Structures are given as C-alpha cells and as structure tokens.
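File shown: structure_31.tsv (TSV, C-alpha atoms and all ligand atoms).
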```tsv
chain	number	residue	atom	x	y	z
A	1	MET	CA	86.59	130.63	67.14
A	2	THR	CA	89.30	128.93	69.20
A	3	LEU	CA	88.15	126.99	72.26
A	4	ASN	CA	90.36	127.76	75.28
A	5	PHE	CA	91.01	124.69	77.42
A	6	GLY	CA	91.95	124.41	81.08
A	7	VAL	CA	93.40	121.01	81.99
A	8	VAL	CA	92.94	119.66	85.54
A	9	GLY	CA	95.55	116.96	86.19
A	10	ALA	CA	98.78	117.00	84.17
A	11	GLY	CA	99.99	113.45	84.87
A	12	GLY	CA	100.55	110.65	82.37
A	13	ILE	CA	97.51	111.12	80.15
A	14	GLY	CA	96.92	114.80	81.04
A	15	LYS	CA	100.27	115.72	79.47
A	16	THR	CA	99.38	113.88	76.25
A	17	HIS	CA	96.05	115.75	76.16
A	18	ILE	CA	97.84	119.13	76.60
A	19	GLU	CA	100.15	118.17	73.73
A	20	ARG	CA	97.32	117.09	71.41
A	21	LEU	CA	95.33	120.28	72.17
A	22	MET	CA	98.39	122.48	71.57
A	23	GLN	CA	99.68	120.65	68.50
A	24	ARG	CA	97.12	118.51	66.73
A	25	VAL	CA	93.50	119.45	67.47
A	26	SER	CA	92.34	122.34	65.30
A	27	GLY	CA	90.29	125.15	66.85
A	28	ALA	CA	91.76	124.49	70.30
A	29	THR	CA	94.45	125.79	72.63
A	30	VAL	CA	95.37	125.39	76.31
A	31	THR	CA	95.31	128.55	78.43
A	32	ALA	CA	95.60	127.08	81.95
A	33	VAL	CA	96.58	123.91	83.81
A	34	ALA	CA	95.77	122.97	87.42
A	35	ASP	CA	97.64	120.25	89.28
A	36	ILE	CA	98.37	119.69	92.96
A	37	ASN	CA	101.96	119.18	91.80
A	38	VAL	CA	102.47	122.86	90.86
A	39	GLU	CA	106.26	122.81	90.58
A	40	GLY	CA	106.34	119.68	88.42
A	41	THR	CA	103.68	121.18	86.14
A	42	LYS	CA	105.56	124.48	85.82
A	43	SER	CA	108.80	122.79	84.87
A	44	TYR	CA	107.01	120.53	82.34
A	45	LEU	CA	105.43	123.59	80.65
A	46	GLN	CA	108.74	125.48	80.75
A	47	GLU	CA	110.48	122.56	79.05
A	48	LYS	CA	107.82	122.68	76.36
A	49	ASN	CA	108.23	126.46	76.11
A	50	TRP	CA	104.48	127.04	76.49
A	51	ALA	CA	103.31	130.18	78.34
A	52	ILE	CA	100.31	128.57	80.06
A	53	LYS	CA	98.97	129.67	83.46
A	54	VAL	CA	99.38	127.17	86.30
A	55	TYR	CA	96.92	126.91	89.19
A	56	GLU	CA	97.05	124.75	92.28
A	57	THR	CA	93.29	124.16	92.47
A	58	ASP	CA	90.55	123.24	90.01
A	59	THR	CA	88.33	126.04	91.42
A	60	GLU	CA	90.77	128.78	90.35
A	61	LEU	CA	91.02	127.26	86.87
A	62	ILE	CA	87.24	126.88	86.47
A	63	ASN	CA	86.71	130.52	87.49
A	64	ASP	CA	89.27	131.81	84.98
A	65	PRO	CA	87.29	133.74	82.30
A	66	GLU	CA	89.90	132.70	79.74
A	67	VAL	CA	88.91	129.04	80.14
A	68	ASP	CA	85.94	127.86	78.02
A	69	ALA	CA	86.31	124.09	78.43
A	70	ILE	CA	87.80	121.88	81.14
A	71	VAL	CA	89.70	118.62	80.63
A	72	VAL	CA	89.42	116.42	83.74
A	73	SER	CA	92.46	114.13	83.82
A	74	SER	CA	93.21	114.04	87.54
A	75	TRP	CA	92.86	110.87	89.66
A	76	GLY	CA	89.43	109.25	89.43
A	77	PRO	CA	88.27	110.14	92.97
A	78	ALA	CA	88.81	113.87	92.22
A	79	HIS	CA	86.70	113.88	89.02
A	80	ALA	CA	83.20	114.38	90.49
A	81	GLY	CA	84.13	117.48	92.53
A	82	THR	CA	85.72	119.21	89.51
A	83	ILE	CA	82.89	118.27	87.12
A	84	LEU	CA	80.11	119.46	89.45
A	85	GLN	CA	81.85	122.84	89.90
A	86	ALA	CA	82.41	123.16	86.14
A	87	ILE	CA	78.73	122.43	85.39
A	88	GLU	CA	77.74	125.08	87.97
A	89	ALA	CA	79.99	127.53	86.08
A	90	GLY	CA	78.40	126.48	82.74
A	91	LYS	CA	81.72	125.35	81.22
A	92	TYR	CA	82.16	122.50	78.73
A	93	ILE	CA	83.81	119.41	80.21
A	94	PHE	CA	85.86	116.62	78.69
A	95	SER	CA	86.20	114.02	81.46
A	96	GLU	CA	88.63	111.17	81.28
A	97	LYS	CA	87.10	107.91	82.40
A	98	PRO	CA	85.77	107.30	84.99
A	99	LEU	CA	83.21	110.11	85.00
A	100	ALA	CA	83.17	109.50	88.78
A	101	THR	CA	84.18	106.55	90.92
A	102	THR	CA	80.68	105.79	92.25
A	103	ALA	CA	77.32	105.43	90.49
A	104	GLU	CA	75.86	107.91	93.02
A	105	ASP	CA	78.35	110.61	92.00
A	106	CYS	CA	77.67	109.88	88.30
A	107	GLN	CA	73.94	110.29	89.03
A	108	ARG	CA	74.69	113.64	90.72
A	109	ILE	CA	76.54	114.80	87.60
A	110	VAL	CA	73.68	113.69	85.32
A	111	ASP	CA	71.14	115.50	87.54
A	112	ALA	CA	73.25	118.69	87.62
A	113	GLU	CA	73.68	118.66	83.85
A	114	MET	CA	69.96	118.15	83.21
A	115	LYS	CA	69.21	120.97	85.66
A	116	HIS	CA	71.62	123.17	83.70
A	117	GLY	CA	69.43	122.44	80.66
A	118	LYS	CA	72.08	121.72	78.02
A	119	ARG	CA	74.67	118.92	77.59
A	120	LEU	CA	78.14	120.05	78.67
A	121	VAL	CA	79.97	116.77	79.34
A	122	GLN	CA	81.74	114.32	77.03
A	123	VAL	CA	83.39	111.24	78.58
A	124	GLY	CA	86.75	109.94	77.33
A	125	PHE	CA	85.71	106.49	76.15
A	126	MET	CA	87.92	106.88	73.10
A	127	ARG	CA	87.28	103.50	71.52
A	128	ARG	CA	84.08	104.87	69.95
A	129	PHE	CA	86.43	107.07	67.86
A	130	ASP	CA	88.93	104.34	66.95
A	131	GLU	CA	88.89	103.71	63.20
A	132	GLY	CA	88.66	99.94	63.66
A	133	TYR	CA	85.70	100.06	66.04
A	134	VAL	CA	83.98	102.63	63.79
A	135	GLN	CA	84.36	100.24	60.82
A	136	LEU	CA	83.09	97.34	62.93
A	137	LYS	CA	80.04	99.30	64.06
A	138	GLU	CA	79.26	100.46	60.51
A	139	ALA	CA	79.39	96.83	59.37
A	140	VAL	CA	77.10	95.67	62.22
A	141	ASP	CA	74.66	98.53	61.60
A	142	SER	CA	74.57	97.82	57.85
A	143	GLY	CA	73.09	94.37	58.50
A	144	LEU	CA	76.01	92.65	56.72
A	145	ILE	CA	75.97	89.70	59.16
A	146	GLY	CA	72.30	89.87	60.10
A	147	GLU	CA	71.50	90.32	63.78
A	148	PRO	CA	74.49	90.08	66.15
A	149	LEU	CA	74.27	87.00	68.42
A	150	LEU	CA	77.65	86.66	70.16
A	151	VAL	CA	80.57	88.98	70.90
A	152	ASN	CA	84.02	87.64	71.87
A	153	ALA	CA	86.42	90.26	73.19
A	154	GLN	CA	89.91	90.17	74.68
A	155	HIS	CA	91.56	92.94	76.69
A	156	PHE	CA	95.18	91.92	77.27
A	157	ASN	CA	97.93	93.99	78.93
A	158	PRO	CA	101.61	93.06	79.09
A	159	THR	CA	101.92	93.57	82.87
A	160	VAL	CA	100.42	95.61	85.72
A	161	PRO	CA	102.02	97.04	88.88
A	162	ASP	CA	101.69	95.56	92.37
A	163	SER	CA	99.07	98.22	93.24
A	164	TYR	CA	96.62	96.76	90.65
A	165	THR	CA	93.87	94.77	92.37
A	166	THR	CA	91.28	92.22	91.19
A	167	ASP	CA	88.42	94.78	91.04
A	168	MET	CA	90.59	97.05	88.84
A	169	ALA	CA	90.34	94.44	86.09
A	170	ILE	CA	86.76	95.77	85.88
A	171	THR	CA	87.00	99.43	86.94
A	172	ASP	CA	90.23	100.26	85.06
A	173	THR	CA	90.39	97.72	82.25
A	174	VAL	CA	87.05	96.10	81.21
A	175	ILE	CA	85.42	99.53	81.72
A	176	HIS	CA	86.39	100.27	78.08
A	177	GLU	CA	84.61	97.12	76.82
A	178	ILE	CA	81.63	97.98	79.07
A	179	ASP	CA	81.25	101.24	77.16
A	180	VAL	CA	82.06	100.12	73.64
A	181	LEU	CA	80.33	96.73	73.40
A	182	HIS	CA	76.73	97.78	74.12
A	183	TRP	CA	77.26	100.74	71.76
A	184	LEU	CA	78.56	98.32	69.10
A	185	VAL	CA	75.48	96.07	69.18
A	186	ASN	CA	72.91	98.79	70.01
A	187	ASP	CA	71.63	97.03	73.10
A	188	ASP	CA	71.51	97.41	76.89
A	189	TYR	CA	73.09	95.11	79.45
A	190	GLU	CA	70.80	92.90	81.51
A	191	SER	CA	73.13	90.72	83.59
A	192	VAL	CA	76.75	89.72	84.19
A	193	GLU	CA	78.73	86.77	85.55
A	194	VAL	CA	82.47	86.62	86.27
A	195	SER	CA	84.56	83.45	86.39
A	196	PHE	CA	88.20	82.71	87.13
A	197	PRO	CA	89.85	80.10	84.88
A	198	ARG	CA	93.32	78.61	85.42
A	199	GLN	CA	95.52	81.41	86.77
A	200	THR	CA	98.82	82.60	85.33
A	201	ARG	CA	101.99	82.21	87.41
A	202	ASN	CA	103.15	85.62	86.09
A	203	LYS	CA	101.12	87.70	88.57
A	204	PHE	CA	101.19	89.08	92.11
A	205	GLY	CA	99.53	86.76	94.63
A	206	HIS	CA	96.68	89.13	95.54
A	207	LEU	CA	95.46	89.45	91.93
A	208	ALA	CA	93.06	87.17	90.04
A	209	ASP	CA	94.31	86.94	86.43
A	210	PRO	CA	92.89	86.07	83.91
A	211	GLN	CA	89.16	86.61	84.43
A	212	ILE	CA	86.18	85.99	82.14
A	213	VAL	CA	83.32	88.50	82.23
A	214	ARG	CA	80.09	87.32	80.54
A	215	PHE	CA	77.32	89.82	79.84
A	216	GLU	CA	73.84	89.17	78.54
A	217	THR	CA	71.93	92.00	76.89
A	218	LYS	CA	68.20	92.73	76.95
A	219	ASN	CA	67.98	91.05	73.48
A	220	LYS	CA	69.94	88.04	74.81
A	221	ILE	CA	73.19	88.74	72.94
A	222	ALA	CA	76.02	86.93	74.78
A	223	LEU	CA	79.11	89.14	75.18
A	224	GLU	CA	82.26	87.57	76.61
A	225	VAL	CA	85.30	89.60	77.65
A	226	GLN	CA	88.52	87.80	78.55
A	227	VAL	CA	90.63	90.14	80.65
A	228	PHE	CA	94.27	89.10	81.11
A	229	VAL	CA	96.63	91.79	82.38
A	230	ASN	CA	99.94	89.90	82.61
A	231	THR	CA	100.23	88.43	79.12
A	232	GLN	CA	103.96	89.32	78.95
A	233	TYR	CA	103.79	89.85	75.19
A	234	GLY	CA	101.87	93.10	74.59
A	235	TYR	CA	98.73	95.24	74.77
A	236	ASP	CA	96.35	93.32	72.57
A	237	ILE	CA	92.73	94.31	71.96
A	238	GLN	CA	90.50	91.90	70.06
A	239	CYS	CA	86.80	91.98	69.32
A	240	GLN	CA	84.71	89.63	67.19
A	241	VAL	CA	81.01	89.91	66.43
A	242	VAL	CA	79.23	86.71	65.39
A	243	GLY	CA	75.99	87.32	63.51
A	244	GLU	CA	73.30	85.24	61.83
A	245	ASN	CA	75.06	85.35	58.45
A	246	GLY	CA	78.73	85.89	59.17
A	247	VAL	CA	81.51	86.99	61.51
A	248	LEU	CA	83.20	90.41	61.82
A	249	ASP	CA	86.61	91.00	63.45
A	250	LEU	CA	88.06	94.27	64.73
A	251	PRO	CA	90.91	95.20	62.32
A	252	GLU	CA	94.37	94.55	63.77
A	253	PHE	CA	96.40	97.46	65.11
A	254	SER	CA	98.41	98.36	62.03
A	255	THR	CA	102.18	98.66	61.89
A	256	VAL	CA	104.62	98.20	59.01
A	257	ARG	CA	105.21	94.61	58.01
A	258	LEU	CA	108.83	93.62	58.41
A	259	ARG	CA	110.61	90.94	56.39
A	260	LYS	CA	113.91	90.16	58.10
A	261	ASP	CA	115.95	87.23	59.37
A	262	PHE	CA	113.83	84.72	57.45
A	263	LYS	CA	110.62	85.97	59.12
A	264	VAL	CA	107.66	88.25	58.31
A	265	SER	CA	106.44	90.22	61.34
A	266	THR	CA	104.22	93.13	62.45
A	267	GLY	CA	104.18	94.93	65.81
A	268	ILE	CA	101.87	94.69	68.82
A	269	SER	CA	101.44	97.88	70.84
A	270	GLU	CA	102.85	98.23	74.36
A	271	GLY	CA	100.03	100.23	75.94
A	272	TRP	CA	97.42	102.88	75.37
A	273	ASN	CA	99.45	104.40	72.50
A	274	ARG	CA	97.37	101.76	70.62
A	275	PHE	CA	94.62	104.42	70.72
A	276	THR	CA	96.63	107.62	70.07
A	277	ARG	CA	94.62	108.47	66.94
A	278	ALA	CA	91.34	107.75	68.72
A	279	TYR	CA	92.31	110.25	71.47
A	280	ASP	CA	93.02	112.88	68.81
A	281	THR	CA	89.71	112.17	67.07
A	282	GLU	CA	87.63	112.28	70.27
A	283	PHE	CA	89.04	115.74	71.11
A	284	GLN	CA	88.49	116.99	67.56
A	285	ALA	CA	84.88	115.77	67.79
A	286	PHE	CA	84.48	117.53	71.16
A	287	VAL	CA	85.66	120.85	69.68
A	288	ASP	CA	83.83	120.56	66.35
A	289	THR	CA	80.50	119.52	67.88
A	290	ILE	CA	80.61	122.39	70.39
A	291	GLN	CA	81.37	124.82	67.54
A	292	GLU	CA	78.56	123.42	65.38
A	293	LYS	CA	75.86	122.56	67.92
A	294	GLY	CA	76.80	124.32	71.17
A	295	GLN	CA	77.06	120.89	72.88
A	296	PRO	CA	79.86	118.28	72.95
A	297	ALA	CA	79.79	114.93	71.13
A	298	PHE	CA	78.93	111.57	72.73
A	299	PRO	CA	79.67	109.53	74.89
A	300	SER	CA	77.75	111.61	77.40
A	301	ALA	CA	77.54	111.83	81.18
A	302	TRP	CA	74.71	109.28	80.87
A	303	ASP	CA	77.17	106.83	79.25
A	304	GLY	CA	79.54	107.47	82.17
A	305	TYR	CA	76.68	106.64	84.56
A	306	VAL	CA	75.78	103.44	82.62
A	307	ALA	CA	79.45	102.35	82.80
A	308	ALA	CA	79.56	102.96	86.57
A	309	VAL	CA	76.35	101.00	87.29
A	310	THR	CA	77.54	98.14	85.04
A	311	ALA	CA	81.01	98.09	86.64
A	312	ASP	CA	79.41	97.91	90.11
A	313	ALA	CA	77.43	94.82	89.04
A	314	CYS	CA	80.61	93.22	87.62
A	315	VAL	CA	82.55	93.82	90.85
A	316	LYS	CA	79.63	92.32	92.80
A	317	ALA	CA	79.66	89.29	90.47
A	318	GLN	CA	83.41	88.82	91.10
A	319	THR	CA	82.70	88.02	94.75
A	320	SER	CA	79.20	86.51	94.59
A	321	LYS	CA	80.26	84.15	91.74
A	322	GLN	CA	76.65	84.45	90.61
A	323	ARG	CA	74.72	86.09	87.80
A	324	GLU	CA	74.07	89.70	88.84
A	325	LEU	CA	71.37	91.86	87.27
A	326	ILE	CA	72.31	95.24	85.82
A	327	VAL	CA	69.45	97.53	86.72
A	328	MET	CA	69.26	100.97	85.16
A	329	PRO	CA	66.56	103.61	84.87
A	330	GLU	CA	65.24	104.49	81.39
A	331	LYS	CA	67.60	106.79	79.45
A	332	PRO	CA	66.24	110.37	79.73
A	333	ALA	CA	65.22	112.06	76.44
A	334	PHE	CA	67.87	114.70	77.28
A	335	TYR	CA	70.56	112.10	76.47
A	336	GLN	CA	69.13	110.60	73.24
A	337	GLU	CA	71.60	110.90	70.35
B	1	LIG	P1	98.46	110.12	86.84
B	1	LIG	O1	98.53	109.67	88.25
B	1	LIG	O2	99.65	109.95	85.96
B	1	LIG	O3	98.06	111.68	86.80
B	1	LIG	C1	97.11	112.27	87.61
B	1	LIG	C2	97.50	113.74	87.82
B	1	LIG	O4	96.43	114.39	88.49
B	1	LIG	C3	98.75	113.92	88.67
B	1	LIG	O5	99.63	114.84	88.03
B	1	LIG	C4	98.23	114.47	90.00
B	1	LIG	O6	99.14	115.33	90.64
B	1	LIG	C5	96.98	115.22	89.52
B	1	LIG	N1	95.93	115.40	90.52
B	1	LIG	C6	95.41	114.48	91.36
B	1	LIG	N2	94.42	115.00	92.08
B	1	LIG	C7	94.27	116.30	91.68
B	1	LIG	C8	93.39	117.36	92.02
B	1	LIG	N3	92.47	117.19	92.97
B	1	LIG	N4	93.52	118.53	91.37
B	1	LIG	C9	94.46	118.70	90.41
B	1	LIG	N5	95.32	117.72	90.05
B	1	LIG	C10	95.22	116.55	90.66
B	1	LIG	O7	97.19	109.39	86.21
B	1	LIG	P2	96.86	109.14	84.65
B	1	LIG	O8	97.33	107.79	84.26
B	1	LIG	O9	97.27	110.31	83.86
B	1	LIG	O10	95.26	109.04	84.73
B	1	LIG	C11	94.46	110.19	84.90
B	1	LIG	C12	93.01	109.86	84.55
B	1	LIG	O11	92.95	109.46	83.17
B	1	LIG	C13	92.42	108.71	85.36
B	1	LIG	O12	91.07	108.97	85.60
B	1	LIG	C14	92.56	107.50	84.42
B	1	LIG	O13	91.57	106.52	84.63
B	1	LIG	C15	92.37	108.17	83.07
B	1	LIG	N6	93.05	107.43	81.97
B	1	LIG	C16	92.32	107.12	80.88
B	1	LIG	C17	92.90	106.42	79.85
B	1	LIG	C18	92.09	106.05	78.64
B	1	LIG	O14	92.46	105.12	77.95
B	1	LIG	N7	91.03	106.77	78.33
B	1	LIG	C19	94.25	106.04	79.92
B	1	LIG	C20	94.98	106.42	81.05
B	1	LIG	C21	94.37	107.12	82.07
```
Go ahead and render the structure in this file as structure tokens.
Ligand code: NAD
Amino acid sequence: MTLNFGVVGAGGIGKTHIERLMQRVSGATVTAVADINVEGTKSYLQEKNWAIKVYETDTELINDPEVDAIVVSSWGPAHAGTILQAIEAGKYIFSEKPLATTAEDCQRIVDAEMKHGKRLVQVGFMRRFDEGYVQLKEAVDSGLIGEPLLVNAQHFNPTVPDSYTTDMAITDTVIHEIDVLHWLVNDDYESVEVSFPRQTRNKFGHLADPQIVRFETKNKIALEVQVFVNTQYGYDIQCQVVGENGVLDLPEFSTVRLRKDFKVSTGISEGWNRFTRAYDTEFQAFVDTIQEKGQPAFPSAWDGYVAAVTADACVKAQTSKQRELIVMPEKPAFYQE
C-alpha cells in the first residue's frame, strides 16, 4: 500500500523532502502541500510538473482524507500547532527538528500521543540513519573498545547569516549532537557546561563563536562538542569515541579521491547535503515501519522532548557559565524501543 503524504512547509528542506518522497522513497507519494506562500508553492510544483493539491493552511491539509501522513517542515514555532492537530486526527507525523520550540510544547505532544494510545510521531534527527553513525554505534554496542569513557565531537559550518544568534549554536546546530550522542553511548545526560574559548575574527559581533559544550552522562561519560559555525572551509562533522580498549572515529564523508596538480585531495561538504542519504533512509524507515508495525520508526516524540529539555539546559549554561543539571522524568514504557 502506498502512503500518501501531505507536506506542511515547502521551503528549503520541505522541497527536498517532497522530491525524495516523489522520486526515491518506495511505497510513498505526495498528494498535498500546505504553505503560507501559496503562489510560490504552486509555481514550484508546476515547474516540477507534479499535480499535487496546494492548501494555504495545515488544517485543510490534515483534514484531507487523501492524506495519511504529514511531514512538518515549516518554521519551528509553527510545528507544535500542526502536530497537535495531526495527532487529534490520528495521522502519522514526520516532524523536522525541532519537534517544538519549547519543552512545554514537546510535553504537550508527548501527552497527546500517549492519550491517543499508539505512536504516530517520528522526529527528523537523521544522523541516527547516517551510515557512518550506524557503523560507529554498532562498533560501540559490540564492545570492541570496552565501555565508552569520552566522546569528542565537532560540528563545524562554513558560515552563518547575520540572523544567527549565540543560542542558535545550541538550538539549531548542537541539537543534532544532543540527539545522536546519548543514543550512541546508550546513556542519559546529567549535566552540561558551556565555555567560550578564543573567538574567531570571521564572525558578526553579536555572535559567540566557537563554543565548547561539555556534557556529563549519568554513567559519567564526558562528551565534548566543539561548535564553530564560521570555519570558512566547509561543513565538517567529526565524532570520536574513546573507550577502555581503543578509539573509534566516525568515517569521513566520502567523495572521490582526486590526484591532480601534484596533489591528492578529497572533498568536504558545503552543508546539510552531507546527510542526503540519511534523509532518504529516515523516510524509508518511517514508511516501512508504519507498513510493518502500524507505528513509525524512532527517534520518537520522547526523543524530541529530551532534546528540548537538554537544549534549554545548554542555553541556560551559556549565560550562567556554570554546570547546569539536565533533569528529566523517567522515560514512559510507551516510548521504549
Ligand atoms: P525555510 O524557511 O526555508 O522554509 C519554511 C517554509 O515553511 C517556508 O516555505 C514558509 O513559507 C513555510 N511556513 C512557515 N510557517 C508556516 C505555516 N504555519 N504553515 C505552512 N507553511 C509555513 O526553512 P527550512 O530551512 O526549510 O527549515 C524548515 C524546518 O526544517 C525547520 O524546523 C528547520 O529546523 C528544519 N531543518 C532541519 C534540517 C535537518 O538537518 N534535519 C535541516 C534544515 C532545516
């Protein structure tokens, strides 16, 4: 059976999701799109030659009987309203990160989903589907390096626009490490500290860059994320796990190796195209798991809530310059994998 998708928000990433659902994900198609920019959306779909209905509001799209699953790829502040309506209508939901922009709204979504009685939501933390991270996790889980003790991660961007602020280093950027690192080492966060080393001259004055975010888990694993969003040279994601008996590194982003002009070189990605395959895989998992089990894959709404609570503690630590505790209720049985 083909799953009919309705996409809310056809901007930068929404368009790529429409394209992957129309062209690459099997068992899926797009029947409707909603965007406040109706004219722009219509002309985009016309250019593509796709006869897909266009709505101005998420409510009309959610109520369309030809829509089985909703992709939420609008601006972050609009996510919670769409997701709560879609849960009420009993539709499956693929939400881009963030699930919602506040921990309270994430909690509301979790409560609504549990009340509904069946998991409907998958959150777009695509790194869990990236081949490199999957290999890293399999190696950690196999016990190859004994127990993990330290994690060193880097999240580097070439540049960011003037509108990017210091807290966005957490809520837009480190949010991906927040999700993937505790999953990688099978542990929960306990506390976080943020520090500001020597600052680059290649940044806008209002922004702190780089920053170092240090987490400690319940089992005392030390996880350090260096976030540097004006590196000038590329989008570079690194992750190293140091264990009792060895060290594991995330495989490099792979491109062809070029021998030319007396040099050997490989490429570094420019942006989130680094994870194109992971986006495809997360959507395929969403579709396949719904077909097989009647529920989407993980990460779940609970993971979206955990990310929001953790991000709040990080943002607090940016200003307090102190160790902040990350306090979370016990994970409900409803969300156990
Ligand atoms: P964007 O600004 O390019 O697109 C947002 C679109 O949503 C626009 O077309 C806008 O008109 C539409 N929109 C806004 N409010 C709406 C509403 N209430 N109803 C319908 N449409 C509405 O933004 P983007 O870069 O595509 O990001 C969209 C979301 O995807 C954000 O939540 C962002 O954090 C997330 N994102 C995730 C990743 C990732 O790596 N997983 C990468 C990029 C963006």
Please determine an axis-aligned box that encloses all atoms of ligand LIG 1 (chain B) listed in the file, with 8 Å added on each side, and express its centre and edge lengths in Å to one decimal as lines of an AutoDock Vina configuration file.
```
center_x = 95.3
center_y = 111.9
center_z = 85.5
size_x = 24.6
size_y = 29.6
size_z = 31.0
```
Expected selection as a ChimeraX atom specification for ligand LIG 1 (chain B) within 8 Å, all atoms listed in the file: /A:8-15,34-37,41,56-58,72-79,82,96-99,124-126,172,176,272,275,279
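Proximity to Ser300 of chain A was assessed for A:Glu113, A:Glu104, A:Asp261, A:Glu19 counting only C-alpha atoms; the smallest distance is recorded for A:Glu113.
Here atom CA of Val229 of chain A and atom CA of Leu325 of chain A stand 25.7 Å from one another.
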Close residues, Lys321 of chain A itself excluded, 8 Å, only C-alpha atoms, min 4 positions apart in chain, as a count of residues only: 4
Near-Cys314 of chain A list (9 Å; all atoms listed in the file; drop same-chain fewer than 6 positions) as a ChimeraX atom specification: /A:167,170-171,191-194,213,324,326
Atom pair atom CA of Val7 of chain A / atom CA of Met114 of chain A: separation (Å): 23.6 Å
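Our summary of the geometry notes that atom CA of Gly117 of chain A is positioned 8.6 Å from atom CA of Phe334 of chain A.
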Pull the closest atom pair for each residue of segment 39-158 of chain A that gets at most 12 Å from segment 248-256 of chain A, along with the distance in Å to one decimal, counting all atoms listed in the file, ordering rows by chain and then ascending residue number, as JSON lines.
```
{"residue": "A:Arg127", "atom": "CA", "partner": "A:Leu250", "partner_atom": "CA", "distance": 11.5}
{"residue": "A:Asp130", "atom": "CA", "partner": "A:Phe253", "partner_atom": "CA", "distance": 10.3}
{"residue": "A:Glu131", "atom": "CA", "partner": "A:Pro251", "partner_atom": "CA", "distance": 8.8}
{"residue": "A:Gly132", "atom": "CA", "partner": "A:Pro251", "partner_atom": "CA", "distance": 5.4}
{"residue": "A:Tyr133", "atom": "CA", "partner": "A:Leu250", "partner_atom": "CA", "distance": 6.4}
{"residue": "A:Val134", "atom": "CA", "partner": "A:Leu250", "partner_atom": "CA", "distance": 9.3}
{"residue": "A:Gln135", "atom": "CA", "partner": "A:Leu250", "partner_atom": "CA", "distance": 8.0}
{"residue": "A:Leu136", "atom": "CA", "partner": "A:Leu250", "partner_atom": "CA", "distance": 6.1}
{"residue": "A:Lys137", "atom": "CA", "partner": "A:Leu250", "partner_atom": "CA", "distance": 9.5}
{"residue": "A:Glu138", "atom": "CA", "partner": "A:Leu248", "partner_atom": "CA", "distance": 10.9}
{"residue": "A:Ala139", "atom": "CA", "partner": "A:Leu248", "partner_atom": "CA", "distance": 7.9}
{"residue": "A:Val140", "atom": "CA", "partner": "A:Leu248", "partner_atom": "CA", "distance": 8.1}
{"residue": "A:Asp141", "atom": "CA", "partner": "A:Leu248", "partner_atom": "CA", "distance": 11.8}
{"residue": "A:Gly143", "atom": "CA", "partner": "A:Leu248", "partner_atom": "CA", "distance": 11.4}
{"residue": "A:Leu144", "atom": "CA", "partner": "A:Leu248", "partner_atom": "CA", "distance": 9.1}
{"residue": "A:Ile145", "atom": "CA", "partner": "A:Leu248", "partner_atom": "CA", "distance": 7.7}
{"residue": "A:Gly146", "atom": "CA", "partner": "A:Leu248", "partner_atom": "CA", "distance": 11.0}
{"residue": "A:Glu147", "atom": "CA", "partner": "A:Leu248", "partner_atom": "CA", "distance": 11.9}
{"residue": "A:Pro148", "atom": "CA", "partner": "A:Leu248", "partner_atom": "CA", "distance": 9.7}
{"residue": "A:Leu149", "atom": "CA", "partner": "A:Leu248", "partner_atom": "CA", "distance": 11.6}
{"residue": "A:Leu150", "atom": "CA", "partner": "A:Leu248", "partner_atom": "CA", "distance": 10.7}
{"residue": "A:Val151", "atom": "CA", "partner": "A:Leu248", "partner_atom": "CA", "distance": 9.6}
{"residue": "A:Asn152", "atom": "CA", "partner": "A:Asp249", "partner_atom": "CA", "distance": 9.4}
{"residue": "A:Ala153", "atom": "CA", "partner": "A:Leu250", "partner_atom": "CA", "distance": 9.5}
{"residue": "A:Gln154", "atom": "CA", "partner": "A:Leu250", "partner_atom": "CA", "distance": 10.9}
```
Selected residue, from A:Trp50, A:Tyr44, A:Trp302, A:Tyr335, that lies nearest to Asp179 of chain A when counting only C-alpha atoms: A:Trp302
Could N, CA and C atoms be built for segment 294-307 of chain A and written out as a JSON list (two decimals), in the coordinates of the input?
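Written output follows (out-v1.json):
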```json
[["chain", "number", "residue", "atom", "x", "y", "z"],
["A", 294, "GLY", "N", 76.84, 123.75, 69.82],
["A", 294, "GLY", "CA", 76.80, 124.32, 71.17],
["A", 294, "GLY", "C", 76.77, 123.27, 72.26],
["A", 295, "GLN", "N", 77.00, 121.99, 71.90],
["A", 295, "GLN", "CA", 77.06, 120.89, 72.88],
["A", 295, "GLN", "C", 78.16, 119.93, 72.43],
["A", 296, "PRO", "N", 78.80, 119.20, 73.38],
["A", 296, "PRO", "CA", 79.86, 118.28, 72.95],
["A", 296, "PRO", "C", 79.29, 117.03, 72.27],
["A", 297, "ALA", "N", 80.20, 116.19, 71.75],
["A", 297, "ALA", "CA", 79.79, 114.93, 71.13],
["A", 297, "ALA", "C", 79.46, 113.90, 72.22],
["A", 298, "PHE", "N", 79.12, 112.69, 71.80],
["A", 298, "PHE", "CA", 78.93, 111.57, 72.73],
["A", 298, "PHE", "C", 80.24, 110.80, 72.80],
["A", 299, "PRO", "N", 80.50, 109.96, 73.78],
["A", 299, "PRO", "CA", 79.67, 109.53, 74.89],
["A", 299, "PRO", "C", 79.43, 110.64, 75.92],
["A", 300, "SER", "N", 78.23, 110.57, 76.50],
["A", 300, "SER", "CA", 77.75, 111.61, 77.40],
["A", 300, "SER", "C", 77.93, 111.22, 78.86],
["A", 301, "ALA", "N", 77.52, 112.14, 79.74],
["A", 301, "ALA", "CA", 77.54, 111.83, 81.18],
["A", 301, "ALA", "C", 76.65, 110.61, 81.46],
["A", 302, "TRP", "N", 75.58, 110.45, 80.67],
["A", 302, "TRP", "CA", 74.71, 109.28, 80.87],
["A", 302, "TRP", "C", 75.51, 107.99, 80.59],
["A", 303, "ASP", "N", 76.34, 108.01, 79.55],
["A", 303, "ASP", "CA", 77.17, 106.83, 79.25],
["A", 303, "ASP", "C", 78.15, 106.56, 80.39],
["A", 304, "GLY", "N", 78.65, 107.63, 81.01],
["A", 304, "GLY", "CA", 79.54, 107.47, 82.17],
["A", 304, "GLY", "C", 78.79, 106.83, 83.33],
["A", 305, "TYR", "N", 77.52, 107.21, 83.50],
["A", 305, "TYR", "CA", 76.68, 106.64, 84.56],
["A", 305, "TYR", "C", 76.40, 105.16, 84.28],
["A", 306, "VAL", "N", 76.05, 104.84, 83.01],
["A", 306, "VAL", "CA", 75.78, 103.44, 82.62],
["A", 306, "VAL", "C", 77.02, 102.58, 82.91],
["A", 307, "ALA", "N", 78.20, 103.10, 82.57],
["A", 307, "ALA", "CA", 79.45, 102.35, 82.80],
["A", 307, "ALA", "C", 79.65, 102.10, 84.30]]
```
